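Right, one structure below, let's go through it.
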Amino acid sequence: MIGVDEKVTKLTFKFQRRTEPSRLGQALAVPVALVAALAVSSILIRAAGANVAEALEAMYLGAFGSQNALLETLVQATPLIFTGLAVTVAFRARIWNIGAEGQLVAGAITAYWASVTFSGLPSIALIPTVLFFATVGGALWGIIPGYLKVRFEADEIIVTVLLNYVIQYLLSYLLSGPWRDPNAFFIQTRLLPEAATLPILFSKSRLHLGFVIALTVAFVAYVLLWKTSLGYEIRALGYRPNVARHKGINVAKTIVLVMAISGAIAGLAGGTELFGIHPRLRLDAMHGFGFTGILVALLGRLHPGGVVLAAILFGALVNGSSRMQIVTGVPVALVYAIQSIVILFLMAADGLSRFQLRKR
Amino acid sequence: METLIRTEELTKRFPRVVANDAISLDVRYGEIHCLLGENGAGKSTFSECLYGAYQPTAGRIFFMGQQVQISSPADAIALGIGMVHQHFVLVPPLTVIENIIAGTSSLSQLVDYRRAEEEILQLCDQYGVELDLYAKIRQLSVGEQQWVEILKALYVKAKLLILDEPTAVLTPQESDKLFDVLQEMTREGLGILFITHKLKEVMRVSDRVSVLRKGKLVATVDTASTTKEELTKMMVGREIVFNVEKETIPSVEPVLEISDLRAMGDREQEALKGVSLTLHKGEILALAGVAGNGQKELYEVLMGVRSASSGKVLLQGEDITNKPTSYIMSRGVGHIPGDRLNEGLITEFSVAENLILGEQRSKSYSSGPLLDFKKIKEIARSQISKFDIVTPSEDTSSGTLSGGNQQKVILAREFQRCSLCLLANQPTRGLDIGVIEYVHRQLLSKRAEGIGILLASDDLDEILDLADRIVVIYDGRIIGILDASDAKIEEIGLLMAGVEETDP
């Protein structure tokens, strides 16, 4: 018979969900995860035939080793702060916006259009105009799935994913047709107007005004979510949609509004990245920021402060691993693998801090 | 009689509370043993330990004379312990027979439906249960679903049957039938552990009763040698006055007039089929009925959460049919929802945040787009002391409060809001006797202020205690209106079961 005391030889420990995540566990989660991730990565580096110590050193130097490396890390982090925030606002309302990728492109398209249309303006007026149109484009591309969800109960995951393709192909059409630089072989626009490009924060670096805007938006997002009536409603909707409805919160309006805000922030990622970094609008210039933004948001625990830190970590991983690749010659696939391992361990550690080992 | 299951000093500790503190009791073969206690007394924890869902922190369990360790419900089932939970564990799109035999055969076996059907039909015959084995679960009434749960346990040859608050969803007549069958089962030697907080059921059905209070076993007594009063004292630790005094009489002025209201339910059936009733100022109008007969939908339509397909709702003469919820709330309608956690409270929010739910845009709690947290907390603190809400602070997340205190948060909020009428759906469900007494007093004080209260409850004693008039809802229709002063429980019970009055 099962369960007779004398015969028990089962594991005597089991996982149990904590009622509240442990403080100590959460504090230790990040360092422990990083150490574990590096340990596993070392095995891969070793297997690829490189010197582990050399590789890890290169990784650190690439990310934080010099002022220039540090600034470049922040450059990489900038668009991810935006997309991470965009995803955070939506996910807080439990709206699964997987479309930051497309809303970013939409923002880049409208920003480019504005830069050409209002190119006569001086820099001081043109830059705000361009960025304003970036938010408008992103917001419009976010409102569409929001409206479809409210009006037809269309699943926002599917709609946002599909709209990512739609906007990508729209951009492809614009670049190969109306906006194409006739003198270039590649499908790309003419050079962006000089007056519209964002000022650089430190000379000899690429860190641009977009980083400051990103930090500002992070602060604004924090205030929005935790200090305003609208933020209260957004979080209420995310935690308990049914309670929100029963207590008179206009769910439809809130959903559309959240998608507009989320899209606007993603659009700003497109606008700042385009006019901060790129000489022209091209098809593949900003691939992946939207999707990585989802990871950034989750890793940042859907909190603007966490998002900023997570985005910087991602920036560091990108720069650190590309230097590692140059120094040690490990294949590029390994670089991606290491990035993924770090993310997986961080997320696992975060999850584990919510559990405890208990004696049976 | 011989002992079937026995616990020795069974203790279950959770991080902050001792849910079961050294409980030693036994259930004999062929006995119905009631486990009586308030909510939070540790009844469910105790039964989940026996069923293997929880592991006791200390203590021993002996089943059929042998010490056992029950690590999971699968172990419990293998030993012969079956449990019917308060919330059924059935698969709605599958048939009765599929639900009963689910999990009973190993993967390598083919399901032998014919043999299973024979066995189940025999069980049904034996206990006089009528069930269509090939009906889908979702087509069954709640009472019928409960039979399926019980059959599930009997089919795997349970020797001990644990029932957790089984009558919460039944009409008085269905409960009676259940009690008869349970007593029949004990004649076959089955031991039954019957968990309840209703004294009447204890007296009606049990052989012995064990009373729990705050995790401790107060006493185990023979039912025949005790009284309701004695049990109450053991359960609460003090005496409770059940009778309430009403000092005012309702006005004749209507506050809420509902005429021929129709609305669809969630499953595209008509849930309200022409409801008409009038609620007067200073009146408690009770809505009696078995859960699932349209009460939920009626409250939702009145609050503007569900739209009416036809009919009219007038609030002090103003047509509020299908108006937005926020508008109806702003007109002075409070709502205590039937399902606290899914309709009334955001458990992730703090107590203070919950106390302003629905008024987050009101001038009194915000300036411009920003919330005025200083003011919100100030008001929260005064509400907490006024309503005697037990919480470490106003910033505590409301999910960590006990059910009674969560309900007090909702009461505090909705009482503040209702200046005309209060729609209370099961306001005392799942609460301790002490808190129930408190809620009753609060409802009566609102009534004395001239607020009209529509009170739905599945506790007929509560209805008879509080109501001025009683309407009975059955299958989306009001099938009887009675004066509370001369209504009888049997009469209400028949109406609840859909037996309409026939005038002589």
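The chains in the structure tokens are called A, B, ... from first to last as shown; in each chain the residues are counted from 1, and the ligands are counted from 1 in the order shown.
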Open item on the list: Could you go through stretch 290-349 of chain B and tell me which residues DSSP, when run on the backbone, assigns to alpha helix (DSSP H), listing them as an NGL selection string?
Closed with: :B and (295-302 or 325-330)
Open item on the list: as a list of chain:residue names, please: the residues near A:Leu70 (cut-off 12 Å, only C-alpha atoms, same-chain neighbours under 3 positions excluded).
Closed with: A:Tyr60, A:Leu61, A:Gly62, A:Ala63, A:Phe64, A:Gly65, A:Ser66, A:Gln67, A:Thr73, A:Leu74, A:Val75, A:Gln76, A:Ala77, A:Phe202, A:Ser205, A:Arg206, A:Leu207, A:Ile312, A:Leu313, A:Gly315, A:Ala316, A:Leu317, A:Val318, A:Asn319, A:Gly320
Could you build a table of the residues in chain B lying no more than 6 Å from chain A, giving for each the nearest pair of atoms and their separation in Å rounded to one decimal place, using only C-alpha atoms, ordered by chain and ascending residue number, as a tab-separated table?
residue	atom	partner	partner_atom	distance
B:Val68	CA	A:Val4	CA	4.7
B:Gln69	CA	A:Gly3	CA	4.8
B:Ile70	CA	A:Gly3	CA	5.6
B:Thr325	CA	A:Gly248	CA	4.5
B:Ser326	CA	A:Gly248	CA	4.1
B:Asn342	CA	A:Val243	CA	5.8
B:Glu343	CA	A:Val243	CA	4.2
B:Gly344	CA	A:Val243	CA	5.6
B:Gly358	CA	A:Lys247	CA	5.0
B:Gln360	CA	A:Ser229	CA	5.5
B:Arg361	CA	A:Ser229	CA	5.9
B:Pro369	CA	A:Thr228	CA	5.4
B:Leu370	CA	A:Thr228	CA	4.2
B:Leu371	CA	A:Thr228	CA	5.1
Task: Residues near B:Cys34, cut-off 9 Å, only C-alpha atoms, skip fewer than 3 positions along chain, as a PyMOL selection string - done: chain B and resi 192-196+201-202+205-211
TODO: Within 9 Å of A:Thr197, counting only C-alpha atoms, which residues show up once you throw out same-chain ones fewer than 5 positions away? Write them as a ChimeraX atom specification, please.
DONE: /A:123,127,192,272,274-279
Go ahead and write the residues just picked, C-alpha atoms, as a PDB file, in the first residue's frame.
ATOM      1  CA  SER A 123      17.071  72.304 -35.093  1.00  0.00           C
ATOM      2  CA  ILE A 127      13.823  67.881 -33.194  1.00  0.00           C
ATOM      3  CA  LEU A 192      18.606  62.376 -42.807  1.00  0.00           C
ATOM      4  CA  THR A 272      15.336  58.598 -31.109  1.00  0.00           C
ATOM      5  CA  LEU A 274      16.858  56.764 -36.045  1.00  0.00           C
ATOM      6  CA  PHE A 275      17.845  60.371 -35.440  1.00  0.00           C
ATOM      7  CA  GLY A 276      20.398  59.588 -32.744  1.00  0.00           C
ATOM      8  CA  ILE A 277      22.403  56.835 -34.430  1.00  0.00           C
ATOM      9  CA  HIS A 278      21.540  56.263 -38.064  1.00  0.00           C
ATOM     10  CA  PRO A 279      22.475  58.260 -41.116  1.00  0.00           C
TER      11      PRO A 279
END
Open item on the list: Excluding A:Phe133 and its own-chain neighbours fewer than 6 positions away, which residues fall within 10 Å of it when counting only C-alpha atoms? Please give them as a list of chain:residue names.
Closed with: A:Ala106, A:Gly107, A:Ala108, A:Ile109, A:Thr110, A:Ala111, A:Tyr112, A:Trp113, A:Ala114, A:Ser115, A:Ile127, A:Ala139, A:Ala264, A:Gly267, A:Leu268, A:Gly271
Can you write just those residues out, N, CA and C atoms, as an mmCIF file, in the first residue's frame?
data_model
loop_
_atom_site.group_PDB
_atom_site.id
_atom_site.type_symbol
_atom_site.label_atom_id
_atom_site.label_comp_id
_atom_site.auth_asym_id
_atom_site.auth_seq_id
_atom_site.Cartn_x
_atom_site.Cartn_y
_atom_site.Cartn_z
ATOM 1 N N ALA A 106 6.756 52.097 -36.883
ATOM 2 C CA ALA A 106 5.766 53.116 -37.229
ATOM 3 C C ALA A 106 6.257 54.495 -36.785
ATOM 4 N N GLY A 107 6.836 54.535 -35.570
ATOM 5 C CA GLY A 107 7.368 55.802 -35.065
ATOM 6 C C GLY A 107 8.507 56.305 -35.931
ATOM 7 N N ALA A 108 9.363 55.411 -36.375
ATOM 8 C CA ALA A 108 10.485 55.808 -37.226
ATOM 9 C C ALA A 108 9.965 56.361 -38.556
ATOM 10 N N ILE A 109 8.920 55.731 -39.096
ATOM 11 C CA ILE A 109 8.365 56.180 -40.382
ATOM 12 C C ILE A 109 7.786 57.583 -40.273
ATOM 13 N N THR A 110 6.934 57.822 -39.242
ATOM 14 C CA THR A 110 6.322 59.148 -39.128
ATOM 15 C C THR A 110 7.380 60.199 -38.784
ATOM 16 N N ALA A 111 8.397 59.779 -37.989
ATOM 17 C CA ALA A 111 9.464 60.725 -37.638
ATOM 18 C C ALA A 111 10.222 61.132 -38.892
ATOM 19 N N TYR A 112 10.512 60.157 -39.741
ATOM 20 C CA TYR A 112 11.233 60.463 -40.979
ATOM 21 C C TYR A 112 10.400 61.393 -41.865
ATOM 22 N N TRP A 113 9.108 61.053 -41.960
ATOM 23 C CA TRP A 113 8.219 61.886 -42.773
ATOM 24 C C TRP A 113 8.249 63.330 -42.257
ATOM 25 N N ALA A 114 8.165 63.509 -40.933
ATOM 26 C CA ALA A 114 8.167 64.845 -40.344
ATOM 27 C C ALA A 114 9.491 65.564 -40.627
ATOM 28 N N SER A 115 10.594 64.806 -40.552
ATOM 29 C CA SER A 115 11.904 65.439 -40.744
ATOM 30 C C SER A 115 12.045 65.973 -42.165
ATOM 31 N N ILE A 127 13.664 69.103 -34.004
ATOM 32 C CA ILE A 127 13.823 67.881 -33.194
ATOM 33 C C ILE A 127 12.560 67.551 -32.392
ATOM 34 N N ALA A 139 1.813 55.586 -31.452
ATOM 35 C CA ALA A 139 0.525 55.529 -30.768
ATOM 36 C C ALA A 139 -0.558 55.013 -31.712
ATOM 37 N N ALA A 264 3.107 54.832 -28.206
ATOM 38 C CA ALA A 264 3.823 56.105 -28.291
ATOM 39 C C ALA A 264 5.251 55.953 -27.771
ATOM 40 N N GLY A 267 7.183 54.106 -30.245
ATOM 41 C CA GLY A 267 7.445 54.981 -31.380
ATOM 42 C C GLY A 267 8.615 55.916 -31.102
ATOM 43 N N LEU A 268 8.697 56.362 -29.859
ATOM 44 C CA LEU A 268 9.802 57.223 -29.453
ATOM 45 C C LEU A 268 11.136 56.473 -29.560
ATOM 46 N N GLY A 271 12.005 56.850 -33.176
ATOM 47 C CA GLY A 271 12.414 58.202 -33.521
ATOM 48 C C GLY A 271 13.805 58.536 -32.989
#
Open item on the list: From a backbone DSSP assignment, name each residue in stretch 203-442 of chain B labelled strand (DSSP E or B), as JSON, numbers by chain.
Closed with: {"B": [208, 209, 210, 211, 212, 213, 216, 217, 218, 219, 220, 221, 222, 254, 255, 256, 257, 258, 259, 260, 261, 262, 263, 264, 270, 271, 272, 273, 274, 275, 276, 277, 278, 279, 280, 284, 285, 286, 287, 288, 310, 311, 312, 313, 314, 315, 318, 319, 333, 334, 335, 336, 350, 366, 367, 370, 371, 397, 421, 422, 423, 424, 425]}
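Taking only C-alpha atoms, the non-local environment of stretch 71-81 of chain B within 8 Å (same-chain residues fewer than 2 positions away omitted) comprises Met1, Ile2 and Gly3 of chain A; Leu50, Tyr51, Gly52, Ala53, Tyr54, Gln55, Gln69, Met83, Ala153, Val156, Lys157, Ala158, Lys159, Leu160, Leu161 and Ile162 of chain B.
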Open item on the list: Quick check, in Å to one decimal: how far apart do atom CA of B:Ser364 and atom CA of B:Arg447 lie?
Closed with: 26.2 Å
Open item on the list: Would you pick out the contacts of B:Glu414 at 10 Å or less, using only C-alpha atoms, so that residues sharing its chain but fewer than 2 positions from it are not included, and give the list as a list in words?
Closed with: Met329, Gly332, Val333, Gly334, His335, Ile336, Gly344, Leu355, Ile356, Leu357, Gly358, Lys408, Val409, Ile410, Leu411, Ala412, Gln416, Arg417, Cys418, Ser419, Leu422, Leu423 and Ala424 of chain B
TODO: Calculate how many Å separate atom CA of B:Leu261 from atom CA of B:Arg138, rounding to one decimal.
DONE: 25.6 Å
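Shortest atom-to-atom contact with A:Leu299 among A:Leu148, A:Ala48, A:Leu281, A:Ile81: A:Ile81, counting only C-alpha atoms.
A straight line drawn from atom CA of B:Leu123 to atom CA of B:Ala135 is 17.2 Å long.
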